[in-house]
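This report concerns only the one structure given below.
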Amino acid sequence: MVLTKQYLRYVPAGNANIITSSRCNVIFVTLEDQEGRFVASGACEHVFIWDLRLGEKAQVLSGEKVDVTRLAASPNRRHIAVGYADGTVKIFDLRSGENISIFVGHKSAITTLAYDALGHKLASGSKDTDIIVWDVVGEIGICRLTGHKDVVTKLAFTKEHNILISSSKDSYVKFWDLDTEHNFKTLIGHRSEVWSFALVKDDKYLITGCNDTELHVWKITFVDNKNIEFNTAVDDVDVNDKSVDTDMKYPIRCEKAGSIIRAKSGRVVSLEVDPTCRVIGCHGVGNTIELFYLLPNDEARDKFTKRLKKERAKSQKEGKDAEKDLPTAPTMMDEIRRLSAFRISDKVKGIDLIIGKGNELRICVGANNNSIELHSLYVDMKDAKVNSLRLLTMHGHRKDVRALCFSSDNLVFATVSGDSIKLWNRPTLACLRTVQCGYALTVTFVPGDKHLIVGLKDGKMLIVDIASGDILEEIPAHSKELWSVTLFPDLKGVASGGGDHTVKFWNFELIPDSNSQIKAKVLSVVHTRTLSLEESVLCFFGSLYGHKLPVLCMDISSDSALLATGSADRNIKIWGLDFGDCHKSIFAHDDSVTGLSFVPGTHHFFTSGKDGKIKQWDADIFQKIVTLQGHFGESWNCCVSSNGVYVASCGSDRVIRLYEKTNEPLVLQDEEEEERAQQENELVTGESTMVLGQKQQTLPSRKTVSSEKAAELILECLEISKQYEEESRKVASSGAVLSLPPLMQGYDCTNTEDFLLETFKRVRASELEETLLLLPFSAACDILQKLPLLLKRDYHTELLARLALCLIQAHHGPTVASGNLLSIVEDVKTLAIEKISALRDIVGLNLHGMMYMQRVLEEREGVKLFRDATKNSKQRNRVRRNKEKAIKRAVMNL
């Protein structure tokens, strides 16, 4: 028996520093029945719900190994749809924080999500150019819409019609009839990519944003085709007029209504409207946000009347015809009013709008510098200025974290970035202290954990007092970048390495504080020696040549026996410090190795790379132990705590990831098998599902690992059921009792029909069609033969009808050709119609019964049920707040 070396597994222990991802938008959500207070933001693989009143994290919707790219709130803002970079869409319930639905259909990152007016349908657009409409209630895909040639940028449902509007980088805006799943109209009037659009004024206007400084306004007219005589319409068409729609049966007409000139140049990034569609927010690639207010119809009519009066007076004064070329109805100029534009601290990555009491508009902004801002504006006040209500910045760095280190007691760790130094509580991952500084590249704790030594990009060395958060001293240590600072083994000083090819040695000393009136002393460092090097790869003990590109990181084991170096050539080299020989060169990462740190007391070390991965290695046997869940982008550095229990890493995704060692053993062979299985699973999802000999179906879902596993479970169920039925027939004559198979006992089933139904119930609803397409025709025949028995029962009728419909569509040719199956299909059809009609009658009876009970209660109590209760509650809260304010004013007067 071969002995295997076991290790202890490191698992993720939490994330810090991230407030909002620059790849995802931000949206308002309703939590605790409060609007305008809570904001959802994508934070790599998680979704954070921020309480902007308290400035704290209220809830975390946990994800897995893929980063979040898009968020959309349901119409009541109590559910949130989350799109991921792998094409998955998940729906979370904000009241419980649970994931209630998973939809897998896209092959690339989700770029846009949109709910319909009732929140029953969800449309998703992706980089794969496809649009998928999902049934949120039934948790299944409705249809896949293909037609765009580039990334889908925006989606929106119309309110009164079953129409979906989409825009794309192919410069087209398409209108889709969801009843026929057909693209019936395409707007081709744009000369560049359409980045976003907005539907306003009850779908009366469509506003699109492109690469120019104009917002193009299109007037949408819904046509009742029933009142149009087709022959008359065709006779009136000019065949030489290319602007006329070729299809006279279009349910809508679109015509250019004008343009809105933006204040800033550059392309449009996003156009957002508030839930009432009264305010439009627009932003580009800069830090400016423009707001436009859509006037109500009566105000627009008054503005139009005043404008006409001025134009008539001007025409009469100039002696022109007063009524010539004057509009007869309000135009877009009369229906829109420009509000105050405002700027934020950095580039805008996402906005959301909501209008509250007193016509207060709240604008939530996600910035590129890892911050969230909340602004307000009263839209009914002329020349009102935008007020800043909240700036959420304390919980993270504004720029990428470049280095990090643990304190000696491992309870605190420090991080540095391009603008600040932060101290974090390791158990809670809360930010304890922030110190503003220049561009920092390295950091280390001074013995005693009361001070930090920080190296800057301009070559300065900072001594920071942790308790007060002050910079005690700035020392011009190097003429170029100060890349690294490390403690001496005797803890009496530090060594610094810079881009000027020098290594300097510094001793700690206490010097009198010139700023203090008492005779206090503060920490300082005194330069003792300088080692000047010709090349950065030389060591004072020996010349260690081997890397083809610059060495970016290195570390020495705690017993001073090994030196490990990481380079931009993607290799790590393990050197022996006794003779300076290279023990092993290992291809470690797919890009440059940026960080390396030994685990104290062992020959294990961790590396980080620009490929975003964090890997653990054994320097004794020169093997990789495990690959930890890394960063979405480059990983800049990693460090290990003094007790070897915790590992921290930082990256370009603004996340500080913490890992903790557990007591779970890890075997190398098992880990390698798991990695191979993951690679095989990735290959599984690349193929399209189709039945051999049949026409390929365009399904909204796609083949996944879980659908293959579900197909295997169904095949296993059919095989076990067939064996059990055969054995039951054999022992039926003898009267013996046959024991149930273990799997049937586990499912708590007493017969094969219940066993099959229970197996189908365990298949995810959104993957049922894909699962059935993976089954062979023989398995489909076995299922069809059992469906009549299952349909005679009065439960799960909808699931059984879906099974029958999908199987018959997938295997239509062989099913029709088979005489035995044809009779079974007729029985299934008759039973399905009967059971579905009965189910529909039950639902209708219950609905009208509840409506009758509602009317009786409303007449008895004299109030409107489900409406007055909330109004009374709001009125009581308003009276209570007014009393509290009156008491406060009285106390202040006293």
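Note on naming: chains are A, B, ... as they come in the structure tokens, residues start from 1 per chain, ligands start from 1 in the order shown.
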Per-residue nearest contacts of range 453-503 of chain A to range 411-431 of chain A (12 Å; only C-alpha atoms) as a Markdown table:
| residue | atom | partner | partner_atom | distance |
| --- | --- | --- | --- | --- |
| A:Ile453 | CA | A:Ala414 | CA | 10.6 |
| A:Val454 | CA | A:Val416 | CA | 8.1 |
| A:Gly455 | CA | A:Val416 | CA | 9.4 |
| A:Leu456 | CA | A:Gly418 | CA | 9.0 |
| A:Lys457 | CA | A:Gly418 | CA | 8.9 |
| A:Asp458 | CA | A:Gly418 | CA | 11.5 |
| A:Leu462 | CA | A:Ile421 | CA | 10.8 |
| A:Ile463 | CA | A:Ile421 | CA | 11.6 |
| A:Val464 | CA | A:Ile421 | CA | 9.3 |
| A:Asp465 | CA | A:Ile421 | CA | 11.4 |
| A:Ile466 | CA | A:Leu423 | CA | 8.3 |
| A:Ala467 | CA | A:Leu423 | CA | 10.6 |
| A:Gly469 | CA | A:Ile421 | CA | 9.4 |
| A:Asp470 | CA | A:Ile421 | CA | 10.9 |
| A:Ile471 | CA | A:Ile421 | CA | 10.6 |
Pick out the closest residue to Asp409 in chain A from this set: A:Gly138, A:Gly546, A:Gly448, A:Gly119. Count only C-alpha atoms.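 Between A:Gly138, A:Gly546, A:Gly448, A:Gly119, the residue approaching Asp409 in chain A most closely is A:Gly448.
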I want to know what sits within 12 Å of Asp559 in chain A, based on only C-alpha atoms, with residues of the same chain fewer than 4 positions away left out; could you give that as an mmCIF file with N, CA and C atoms, in the first residue's frame?
data_model
loop_
_atom_site.group_PDB
_atom_site.id
_atom_site.type_symbol
_atom_site.label_atom_id
_atom_site.label_comp_id
_atom_site.auth_asym_id
_atom_site.auth_seq_id
_atom_site.Cartn_x
_atom_site.Cartn_y
_atom_site.Cartn_z
ATOM 1 N N PRO A 489 15.955 39.384 11.514
ATOM 2 C CA PRO A 489 15.600 38.251 12.385
ATOM 3 C C PRO A 489 15.623 38.602 13.868
ATOM 4 N N ASP A 555 11.035 34.813 -0.850
ATOM 5 C CA ASP A 555 10.914 34.611 0.590
ATOM 6 C C ASP A 555 11.842 33.485 1.002
ATOM 7 N N LEU A 563 15.285 29.181 -0.271
ATOM 8 C CA LEU A 563 14.873 30.465 -0.826
ATOM 9 C C LEU A 563 13.994 30.186 -2.036
ATOM 10 N N GLY A 576 18.599 26.246 -2.694
ATOM 11 C CA GLY A 576 19.190 25.878 -1.414
ATOM 12 C C GLY A 576 20.168 26.944 -0.977
ATOM 13 N N LEU A 577 20.037 27.414 0.264
ATOM 14 C CA LEU A 577 20.901 28.483 0.746
ATOM 15 C C LEU A 577 22.240 27.976 1.279
ATOM 16 N N ASP A 578 22.422 26.661 1.294
ATOM 17 C CA ASP A 578 23.719 26.160 1.743
ATOM 18 C C ASP A 578 24.770 26.276 0.644
ATOM 19 N N PHE A 598 6.304 32.034 2.636
ATOM 20 C CA PHE A 598 6.415 30.739 3.293
ATOM 21 C C PHE A 598 5.495 30.683 4.507
ATOM 22 N N VAL A 599 5.003 29.474 4.805
ATOM 23 C CA VAL A 599 4.276 29.230 6.043
ATOM 24 C C VAL A 599 5.310 29.028 7.144
ATOM 25 N N PRO A 600 5.281 29.801 8.227
ATOM 26 C CA PRO A 600 6.307 29.677 9.269
ATOM 27 C C PRO A 600 6.384 28.263 9.840
ATOM 28 N N GLY A 601 7.624 27.796 10.022
ATOM 29 C CA GLY A 601 7.861 26.488 10.602
ATOM 30 C C GLY A 601 7.740 25.341 9.629
ATOM 31 N N THR A 602 7.472 25.611 8.348
ATOM 32 C CA THR A 602 7.321 24.552 7.349
ATOM 33 C C THR A 602 8.063 24.953 6.085
ATOM 34 N N HIS A 603 8.077 24.025 5.126
ATOM 35 C CA HIS A 603 8.600 24.314 3.795
ATOM 36 C C HIS A 603 7.466 24.467 2.784
#
All strand (DSSP E or B) positions in range 58-171 of chain A, as a VMD selection string: chain A and resid 58 to 61 68 to 73 79 to 84 88 to 93 98 to 104 110 to 115 121 to 126 131 to 135 140 to 145 152 to 157 163 to 168
Might you pull out every residue within 8 Å of Ala198 in chain A, with only C-alpha atoms counted and same-chain residues fewer than 6 positions away left off, and present them as a PyMOL selection string? chain A and resi 206-208+271-273+280
What residues in range 652-789 of chain A get the DSSP label helix (DSSP H, G or I)? Please answer as a PyMOL selection string. chain A and resi 668-684+705-732+742-746+752-761+765-773+777-789
